[in-house]
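Here's final26.txt, which has compact mmCIF, N, CA and C atoms:
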# COMPACT_ATOMS: atom_id res chain seq x y z
N MET A 123 -33.08 -15.23 6.90
CA MET A 123 -31.77 -15.24 7.49
C MET A 123 -30.94 -14.10 6.93
N LYS A 124 -31.60 -13.03 6.58
CA LYS A 124 -30.92 -11.87 6.03
C LYS A 124 -29.89 -11.34 7.02
N GLY A 125 -28.66 -11.04 6.52
CA GLY A 125 -27.63 -10.45 7.35
C GLY A 125 -26.85 -11.44 8.19
N ASN A 126 -27.14 -12.74 8.05
CA ASN A 126 -26.46 -13.71 8.89
C ASN A 126 -25.19 -14.26 8.27
N ASN A 127 -24.95 -14.06 7.00
CA ASN A 127 -23.70 -14.56 6.44
C ASN A 127 -22.67 -13.45 6.35
N ILE A 128 -21.42 -13.84 6.16
CA ILE A 128 -20.30 -12.90 6.18
C ILE A 128 -20.41 -11.86 5.06
N PHE A 129 -21.12 -12.17 3.96
CA PHE A 129 -21.23 -11.25 2.84
C PHE A 129 -22.53 -10.46 2.86
N SER A 130 -23.05 -10.22 4.04
CA SER A 130 -24.26 -9.43 4.18
C SER A 130 -23.99 -7.99 3.80
N SER A 131 -25.06 -7.22 3.60
CA SER A 131 -24.90 -5.80 3.28
C SER A 131 -24.18 -5.09 4.43
N GLN A 132 -24.35 -5.58 5.64
CA GLN A 132 -23.67 -4.99 6.78
C GLN A 132 -22.15 -5.17 6.64
N PHE A 133 -21.73 -6.33 6.22
CA PHE A 133 -20.30 -6.57 6.01
C PHE A 133 -19.76 -5.71 4.88
N ILE A 134 -20.54 -5.53 3.83
CA ILE A 134 -20.13 -4.67 2.71
C ILE A 134 -19.97 -3.24 3.20
N ARG A 135 -20.90 -2.75 4.02
CA ARG A 135 -20.78 -1.40 4.60
C ARG A 135 -19.52 -1.31 5.45
N PHE A 136 -19.23 -2.37 6.23
CA PHE A 136 -18.02 -2.40 7.04
C PHE A 136 -16.77 -2.26 6.16
N LEU A 137 -16.75 -2.95 5.02
CA LEU A 137 -15.62 -2.85 4.10
C LEU A 137 -15.51 -1.45 3.51
N VAL A 138 -16.65 -0.84 3.16
CA VAL A 138 -16.64 0.53 2.62
C VAL A 138 -16.07 1.50 3.65
N VAL A 139 -16.49 1.35 4.90
CA VAL A 139 -15.95 2.19 5.98
C VAL A 139 -14.43 1.97 6.09
N GLY A 140 -14.00 0.73 5.95
CA GLY A 140 -12.57 0.44 6.00
C GLY A 140 -11.79 1.15 4.91
N VAL A 141 -12.34 1.20 3.72
CA VAL A 141 -11.68 1.90 2.60
C VAL A 141 -11.63 3.40 2.89
N ILE A 142 -12.76 3.96 3.34
CA ILE A 142 -12.80 5.39 3.69
C ILE A 142 -11.79 5.69 4.79
N ASN A 143 -11.78 4.85 5.81
CA ASN A 143 -10.87 5.00 6.94
C ASN A 143 -9.41 4.94 6.47
N THR A 144 -9.09 3.98 5.63
CA THR A 144 -7.72 3.81 5.14
C THR A 144 -7.28 5.02 4.32
N LEU A 145 -8.12 5.45 3.40
CA LEU A 145 -7.77 6.60 2.56
C LEU A 145 -7.65 7.88 3.38
N SER A 146 -8.54 8.07 4.33
CA SER A 146 -8.49 9.26 5.19
C SER A 146 -7.23 9.24 6.05
N GLY A 147 -6.98 8.12 6.71
CA GLY A 147 -5.82 8.02 7.57
C GLY A 147 -4.52 8.22 6.82
N LEU A 148 -4.41 7.60 5.65
CA LEU A 148 -3.20 7.73 4.85
C LEU A 148 -3.03 9.17 4.35
N SER A 149 -4.13 9.80 3.97
CA SER A 149 -4.07 11.20 3.53
C SER A 149 -3.59 12.10 4.67
N ILE A 150 -4.06 11.85 5.86
CA ILE A 150 -3.64 12.65 7.01
C ILE A 150 -2.17 12.41 7.34
N ILE A 151 -1.75 11.15 7.25
CA ILE A 151 -0.33 10.84 7.48
C ILE A 151 0.54 11.60 6.48
N PHE A 152 0.18 11.51 5.20
CA PHE A 152 0.98 12.19 4.17
C PHE A 152 0.94 13.70 4.35
N ALA A 153 -0.24 14.26 4.63
CA ALA A 153 -0.38 15.71 4.82
C ALA A 153 0.42 16.18 6.04
N SER A 154 0.38 15.41 7.10
CA SER A 154 1.13 15.77 8.31
C SER A 154 2.62 15.84 8.02
N LYS A 155 3.09 14.89 7.23
CA LYS A 155 4.51 14.87 6.88
C LYS A 155 4.85 16.00 5.91
N TYR A 156 4.06 16.16 4.87
CA TYR A 156 4.38 17.09 3.79
C TYR A 156 4.19 18.55 4.21
N PHE A 157 3.02 18.86 4.78
CA PHE A 157 2.69 20.25 5.09
C PHE A 157 3.22 20.72 6.44
N PHE A 158 3.31 19.81 7.40
CA PHE A 158 3.69 20.22 8.75
C PHE A 158 5.03 19.65 9.21
N GLY A 159 5.68 18.89 8.34
CA GLY A 159 7.00 18.36 8.66
C GLY A 159 6.99 17.35 9.80
N ALA A 160 5.86 16.70 10.04
CA ALA A 160 5.77 15.72 11.14
C ALA A 160 6.67 14.54 10.84
N ARG A 161 7.29 14.02 11.87
CA ARG A 161 8.10 12.82 11.74
C ARG A 161 7.18 11.62 11.54
N ASP A 162 7.73 10.51 11.05
CA ASP A 162 6.92 9.35 10.69
C ASP A 162 6.05 8.83 11.82
N VAL A 163 6.61 8.68 13.00
CA VAL A 163 5.83 8.12 14.11
C VAL A 163 4.70 9.06 14.50
N VAL A 164 4.98 10.35 14.55
CA VAL A 164 3.95 11.33 14.91
C VAL A 164 2.86 11.36 13.83
N ALA A 165 3.26 11.41 12.57
CA ALA A 165 2.29 11.43 11.48
C ALA A 165 1.42 10.17 11.49
N ASN A 166 2.06 9.03 11.74
CA ASN A 166 1.33 7.76 11.80
C ASN A 166 0.33 7.77 12.95
N LEU A 167 0.74 8.25 14.10
CA LEU A 167 -0.14 8.31 15.27
C LEU A 167 -1.34 9.22 14.99
N ILE A 168 -1.10 10.38 14.39
CA ILE A 168 -2.19 11.30 14.06
C ILE A 168 -3.14 10.65 13.06
N GLY A 169 -2.58 10.09 12.00
CA GLY A 169 -3.41 9.46 10.97
C GLY A 169 -4.25 8.32 11.50
N TYR A 170 -3.64 7.46 12.30
CA TYR A 170 -4.38 6.34 12.86
C TYR A 170 -5.39 6.80 13.90
N GLY A 171 -5.06 7.83 14.65
CA GLY A 171 -6.00 8.36 15.64
C GLY A 171 -7.25 8.91 14.96
N VAL A 172 -7.06 9.68 13.91
CA VAL A 172 -8.20 10.22 13.16
C VAL A 172 -8.95 9.08 12.49
N GLY A 173 -8.22 8.14 11.92
CA GLY A 173 -8.86 6.99 11.28
C GLY A 173 -9.70 6.18 12.24
N LEU A 174 -9.21 6.02 13.46
CA LEU A 174 -9.97 5.29 14.48
C LEU A 174 -11.28 6.02 14.79
N CYS A 175 -11.23 7.34 14.87
CA CYS A 175 -12.45 8.13 15.12
C CYS A 175 -13.44 8.03 13.96
N ILE A 176 -12.91 8.10 12.73
CA ILE A 176 -13.76 7.97 11.55
C ILE A 176 -14.40 6.59 11.52
N SER A 177 -13.61 5.57 11.75
CA SER A 177 -14.09 4.20 11.73
C SER A 177 -15.18 3.98 12.78
N PHE A 178 -14.93 4.45 14.00
CA PHE A 178 -15.94 4.28 15.04
C PHE A 178 -17.23 4.99 14.68
N THR A 179 -17.12 6.24 14.24
CA THR A 179 -18.31 7.03 13.93
C THR A 179 -19.13 6.40 12.80
N LEU A 180 -18.48 6.07 11.70
CA LEU A 180 -19.21 5.51 10.56
C LEU A 180 -19.76 4.12 10.86
N ASN A 181 -18.96 3.30 11.53
CA ASN A 181 -19.45 1.95 11.85
C ASN A 181 -20.59 1.99 12.86
N SER A 182 -20.48 2.82 13.86
CA SER A 182 -21.55 2.85 14.87
C SER A 182 -22.85 3.39 14.28
N ARG A 183 -22.75 4.39 13.42
CA ARG A 183 -23.97 5.02 12.87
C ARG A 183 -24.49 4.34 11.61
N TRP A 184 -23.60 4.04 10.67
CA TRP A 184 -24.03 3.56 9.36
C TRP A 184 -24.00 2.04 9.27
N THR A 185 -22.89 1.43 9.61
CA THR A 185 -22.76 -0.01 9.44
C THR A 185 -23.68 -0.78 10.38
N PHE A 186 -23.66 -0.41 11.66
CA PHE A 186 -24.38 -1.19 12.67
C PHE A 186 -25.59 -0.47 13.27
N ALA A 187 -25.81 0.81 12.93
CA ALA A 187 -26.93 1.60 13.45
C ALA A 187 -27.07 1.43 14.97
N TYR A 188 -25.95 1.62 15.65
CA TYR A 188 -25.87 1.38 17.09
C TYR A 188 -26.57 2.49 17.86
N GLU A 189 -27.39 2.10 18.85
CA GLU A 189 -28.14 3.07 19.65
C GLU A 189 -27.82 2.97 21.14
N GLY A 190 -26.81 2.22 21.49
CA GLY A 190 -26.46 2.03 22.89
C GLY A 190 -25.54 3.13 23.42
N ARG A 191 -24.94 2.87 24.56
CA ARG A 191 -24.06 3.83 25.22
C ARG A 191 -22.77 4.00 24.43
N GLN A 192 -22.49 5.22 24.04
CA GLN A 192 -21.34 5.52 23.20
C GLN A 192 -20.00 5.29 23.92
N LEU A 193 -19.90 5.73 25.16
CA LEU A 193 -18.64 5.60 25.89
C LEU A 193 -18.25 4.13 26.06
N THR A 194 -19.22 3.30 26.38
CA THR A 194 -18.96 1.86 26.50
C THR A 194 -18.53 1.29 25.15
N ALA A 195 -19.21 1.71 24.09
CA ALA A 195 -18.87 1.22 22.75
C ALA A 195 -17.47 1.67 22.34
N VAL A 196 -17.09 2.90 22.68
CA VAL A 196 -15.75 3.38 22.34
C VAL A 196 -14.68 2.50 23.00
N ALA A 197 -14.87 2.23 24.28
CA ALA A 197 -13.90 1.39 25.00
C ALA A 197 -13.82 0.00 24.37
N LYS A 198 -14.96 -0.59 24.06
CA LYS A 198 -14.98 -1.91 23.43
C LYS A 198 -14.35 -1.86 22.04
N PHE A 199 -14.61 -0.77 21.32
CA PHE A 199 -14.08 -0.61 19.97
C PHE A 199 -12.55 -0.54 19.98
N ILE A 200 -12.00 0.21 20.91
CA ILE A 200 -10.55 0.30 21.03
C ILE A 200 -9.96 -1.06 21.36
N LEU A 201 -10.59 -1.77 22.28
CA LEU A 201 -10.11 -3.11 22.63
C LEU A 201 -10.24 -4.07 21.44
N ALA A 202 -11.36 -4.02 20.73
CA ALA A 202 -11.57 -4.89 19.57
C ALA A 202 -10.54 -4.59 18.49
N THR A 203 -10.22 -3.32 18.29
CA THR A 203 -9.22 -2.93 17.31
C THR A 203 -7.85 -3.48 17.70
N ALA A 204 -7.53 -3.40 18.98
CA ALA A 204 -6.25 -3.93 19.47
C ALA A 204 -6.18 -5.45 19.27
N VAL A 205 -7.27 -6.14 19.54
CA VAL A 205 -7.31 -7.59 19.35
C VAL A 205 -7.16 -7.94 17.86
N ALA A 206 -7.86 -7.20 17.01
CA ALA A 206 -7.77 -7.45 15.57
C ALA A 206 -6.35 -7.20 15.08
N TYR A 207 -5.72 -6.14 15.57
CA TYR A 207 -4.33 -5.86 15.20
C TYR A 207 -3.42 -6.99 15.69
N GLY A 208 -3.66 -7.47 16.90
CA GLY A 208 -2.87 -8.58 17.42
C GLY A 208 -3.00 -9.83 16.57
N ALA A 209 -4.22 -10.11 16.12
CA ALA A 209 -4.45 -11.26 15.24
C ALA A 209 -3.73 -11.06 13.91
N ASN A 210 -3.76 -9.85 13.39
CA ASN A 210 -3.04 -9.51 12.17
C ASN A 210 -1.55 -9.74 12.35
N LEU A 211 -1.00 -9.19 13.41
CA LEU A 211 0.44 -9.29 13.66
C LEU A 211 0.88 -10.73 13.86
N LEU A 212 0.09 -11.50 14.60
CA LEU A 212 0.40 -12.91 14.80
C LEU A 212 0.42 -13.66 13.46
N THR A 213 -0.56 -13.38 12.62
CA THR A 213 -0.61 -14.02 11.31
C THR A 213 0.64 -13.67 10.49
N VAL A 214 0.99 -12.40 10.49
CA VAL A 214 2.15 -11.95 9.73
C VAL A 214 3.43 -12.63 10.24
N ILE A 215 3.62 -12.63 11.54
CA ILE A 215 4.83 -13.22 12.13
C ILE A 215 4.90 -14.72 11.85
N VAL A 216 3.80 -15.43 12.05
CA VAL A 216 3.80 -16.87 11.80
C VAL A 216 4.07 -17.14 10.32
N ALA A 217 3.42 -16.40 9.44
CA ALA A 217 3.61 -16.62 8.00
C ALA A 217 5.06 -16.40 7.59
N ILE A 218 5.64 -15.31 8.07
CA ILE A 218 7.00 -14.97 7.65
C ILE A 218 8.06 -15.80 8.37
N GLU A 219 7.97 -15.81 9.69
CA GLU A 219 9.04 -16.42 10.51
C GLU A 219 8.96 -17.95 10.60
N HIS A 220 7.76 -18.50 10.56
CA HIS A 220 7.61 -19.94 10.78
C HIS A 220 7.21 -20.73 9.54
N LEU A 221 6.57 -20.06 8.60
CA LEU A 221 6.17 -20.76 7.38
C LEU A 221 7.03 -20.40 6.18
N GLY A 222 7.91 -19.39 6.38
CA GLY A 222 8.82 -19.01 5.32
C GLY A 222 8.18 -18.27 4.16
N VAL A 223 7.03 -17.66 4.40
CA VAL A 223 6.32 -16.92 3.35
C VAL A 223 7.07 -15.61 3.09
N ASN A 224 7.08 -15.17 1.84
CA ASN A 224 7.65 -13.88 1.48
C ASN A 224 7.04 -12.79 2.36
N SER A 225 7.84 -11.83 2.81
CA SER A 225 7.35 -10.84 3.78
C SER A 225 6.21 -9.99 3.24
N TYR A 226 6.20 -9.67 1.95
CA TYR A 226 5.10 -8.88 1.38
C TYR A 226 3.81 -9.70 1.39
N LEU A 227 3.91 -10.95 1.02
CA LEU A 227 2.75 -11.83 1.05
C LEU A 227 2.28 -12.04 2.48
N GLY A 228 3.23 -12.20 3.40
CA GLY A 228 2.88 -12.35 4.82
C GLY A 228 2.10 -11.16 5.34
N GLN A 229 2.53 -9.96 4.94
CA GLN A 229 1.80 -8.75 5.35
C GLN A 229 0.38 -8.77 4.79
N ALA A 230 0.26 -9.15 3.53
CA ALA A 230 -1.06 -9.21 2.88
C ALA A 230 -1.95 -10.26 3.54
N MET A 231 -1.36 -11.36 3.99
CA MET A 231 -2.12 -12.43 4.64
C MET A 231 -2.75 -11.96 5.95
N GLY A 232 -2.12 -11.00 6.60
CA GLY A 232 -2.65 -10.48 7.85
C GLY A 232 -3.87 -9.60 7.68
N MET A 233 -4.03 -9.00 6.52
CA MET A 233 -5.12 -8.04 6.31
C MET A 233 -6.52 -8.65 6.43
N PRO A 234 -6.80 -9.77 5.76
CA PRO A 234 -8.15 -10.34 5.93
C PRO A 234 -8.39 -10.83 7.36
N VAL A 235 -7.35 -11.27 8.03
CA VAL A 235 -7.49 -11.71 9.42
C VAL A 235 -7.92 -10.51 10.28
N TYR A 236 -7.28 -9.37 10.06
CA TYR A 236 -7.65 -8.14 10.78
C TYR A 236 -9.10 -7.77 10.48
N THR A 237 -9.45 -7.75 9.21
CA THR A 237 -10.78 -7.31 8.78
C THR A 237 -11.87 -8.21 9.36
N ILE A 238 -11.71 -9.50 9.25
CA ILE A 238 -12.74 -10.43 9.75
C ILE A 238 -12.83 -10.37 11.27
N THR A 239 -11.68 -10.32 11.95
CA THR A 239 -11.68 -10.22 13.41
C THR A 239 -12.37 -8.94 13.87
N ALA A 240 -12.02 -7.82 13.23
CA ALA A 240 -12.63 -6.53 13.60
C ALA A 240 -14.13 -6.53 13.33
N TYR A 241 -14.54 -7.11 12.21
CA TYR A 241 -15.97 -7.16 11.88
C TYR A 241 -16.74 -8.00 12.90
N LEU A 242 -16.25 -9.19 13.17
CA LEU A 242 -16.96 -10.07 14.11
C LEU A 242 -17.02 -9.46 15.51
N ALA A 243 -15.92 -8.86 15.95
CA ALA A 243 -15.92 -8.21 17.27
C ALA A 243 -16.88 -7.03 17.28
N SER A 244 -16.89 -6.26 16.20
CA SER A 244 -17.80 -5.11 16.12
C SER A 244 -19.25 -5.54 16.11
N ARG A 245 -19.55 -6.54 15.33
CA ARG A 245 -20.93 -7.01 15.19
C ARG A 245 -21.46 -7.67 16.46
N TYR A 246 -20.66 -8.54 17.07
CA TYR A 246 -21.16 -9.35 18.17
C TYR A 246 -20.80 -8.84 19.56
N ILE A 247 -19.88 -7.89 19.66
CA ILE A 247 -19.49 -7.39 20.98
C ILE A 247 -19.66 -5.87 21.07
N VAL A 248 -19.00 -5.14 20.20
CA VAL A 248 -18.96 -3.68 20.32
C VAL A 248 -20.32 -3.06 20.04
N PHE A 249 -20.92 -3.36 18.91
CA PHE A 249 -22.17 -2.72 18.49
C PHE A 249 -23.36 -3.67 18.53
N ARG A 250 -23.30 -4.64 19.41
CA ARG A 250 -24.39 -5.61 19.54
C ARG A 250 -25.66 -4.89 19.97
N PRO A 251 -26.78 -5.16 19.31
CA PRO A 251 -28.04 -4.51 19.70
C PRO A 251 -28.43 -4.88 21.14
N ALA A 252 -29.02 -3.94 21.81
CA ALA A 252 -29.47 -4.18 23.19
C ALA A 252 -30.43 -5.36 23.22
N GLY A 253 -30.27 -6.20 24.22
CA GLY A 253 -31.17 -7.33 24.40
C GLY A 253 -30.79 -8.56 23.61
N SER A 254 -29.66 -8.51 22.87
CA SER A 254 -29.28 -9.73 22.14
C SER A 254 -28.07 -10.38 22.75

Please render this file's structure as structure tokens.
Amino acid sequence: MKGNNIFSSQFIRFLVVGVINTLSGLSIIFASKYFFGARDVVANLIGYGVGLCISFTLNSRWTFAYEGRQLTAVAKFILATAVAYGANLLTVIVAIEHLGVNSYLGQAMGMPVYTITAYLASRYIVFRPAGS
């Protein structure tokens, strides 16, 4: 039953890609602001756009060794990312607005929800092996 639990080597690779993606995206956001004078929204959009490309590339090739149609996977990946972000945002809003959790803790509570949602969507929908 190798690879069937949440702490499989595949999940660990997914987390490593997430760290690389986060550091790369944040570096690009900061560089865009510092070196090019980009405004916050523009810098954020550039950083997240590059991060999304890095995440897709590393996850499709390294984490999931995906061999299917790339264009279809890209579309599914963008949708999965949007769903994971929605789950994150819902968690944050419910924690802060309805449960009275401190806003910093509420933000932190959304992170594992995003990560697990994105991983499950990537594994079972976006990068699912052909024939499964």

Mind giving me the straight-line distance from atom CA of Val216 of chain A to atom CA of Ala202 of chain A in Å, one decimal?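 It comes out at 21.0 Å.
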
Name the closest residue to Leu167 of chain A among the candidates A:Ala195, A:Leu137, A:Thr179, A:Ile151; distances are taken between atoms, counting all atoms listed in the file.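 Ranked by minimum distance to Leu167 of chain A, first place goes to A:Ile151.
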
Alpha helix (DSSP H) residues, from DSSP on the backbone, in segment 196-250 of chain A, as a PyMOL selection string: chain A and resi 196-215+225-243

For Phe199 of chain A, the nearest of the candidates A:Phe249, A:Tyr156, A:Tyr226, A:Tyr170, counting only N, CA and C atoms: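 When distances to Phe199 of chain A are compared using only N, CA and C atoms, the smallest one comes from A:Phe249.
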
Taking into account only C-alpha atoms, which residue in the set A:Leu148, A:Met231, A:Val196, A:Ala206 is nearest to Phe178 of chain A?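 Smallest distance to Phe178 of chain A is found for A:Val196.
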
Pick out the closest residue to Ile238 of chain A from this set: A:Ser146, A:Ser225, A:Thr203, A:Thr194. Count only C-alpha atoms.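 Ranking A:Ser146, A:Ser225, A:Thr203, A:Thr194 by distance to Ile238 of chain A, first place goes to A:Thr203.
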
Interatomic distance between atom CA of Tyr207 of chain A and atom C of Val235 of chain A? 7.7 Å

In Å and to one decimal, atom CA of Asn181 of chain A is distant from atom CA of Val139 of chain A by 6.8 Å

Need to verify the contact set: Ala252 of chain A, 8 Å, only N, CA and C atoms, exclusion of same-chain residues closer than 4 positions in sequence. Can you return it as a PyMOL selection string? chain A and resi 188-190

Save the residues we just selected, N, CA and C atoms, as an mmCIF file, keeping the file's coordinate frame?
data_model
loop_
_atom_site.group_PDB
_atom_site.id
_atom_site.type_symbol
_atom_site.label_atom_id
_atom_site.label_comp_id
_atom_site.auth_asym_id
_atom_site.auth_seq_id
_atom_site.Cartn_x
_atom_site.Cartn_y
_atom_site.Cartn_z
ATOM 1 N N TYR A 188 -25.950 1.620 15.650
ATOM 2 C CA TYR A 188 -25.870 1.380 17.090
ATOM 3 C C TYR A 188 -26.570 2.490 17.860
ATOM 4 N N GLU A 189 -27.390 2.100 18.850
ATOM 5 C CA GLU A 189 -28.140 3.070 19.650
ATOM 6 C C GLU A 189 -27.820 2.970 21.140
ATOM 7 N N GLY A 190 -26.810 2.220 21.490
ATOM 8 C CA GLY A 190 -26.460 2.030 22.890
ATOM 9 C C GLY A 190 -25.540 3.130 23.420
#

Axis-aligned box for segment 160-168 of chain A, 8 Å per side, centre and edges in Å as AutoDock Vina command-line options:
--center_x 2.5 --center_y 12.2 --center_z 12.7 --size_x 27.2 --size_y 24.9 --size_z 21.2

Which polymer residues, whether protein, DNA or RNA, lie within 7 Å of the coordinate (-9.6, 3.8, 10.5) when you count only N, CA and C atoms? List them as a list in words, using the chain letters and numbers from the file.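 The requested residues, written out, are Val139, Gly140, Ile142, Asn143, Thr144, Gly147, Tyr170, Val172, Gly173, Leu174, Cys175, Ile176, Ser177 and Phe178 of chain A.
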
Please determine, counting all atoms listed in the file, which residue among A:Phe186, A:Tyr236, A:Phe152, A:Tyr241 has the shortest atom-to-atom distance to Gly208 of chain A.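 Checking each candidate against Gly208 of chain A, we get A:Tyr236 as the closest.
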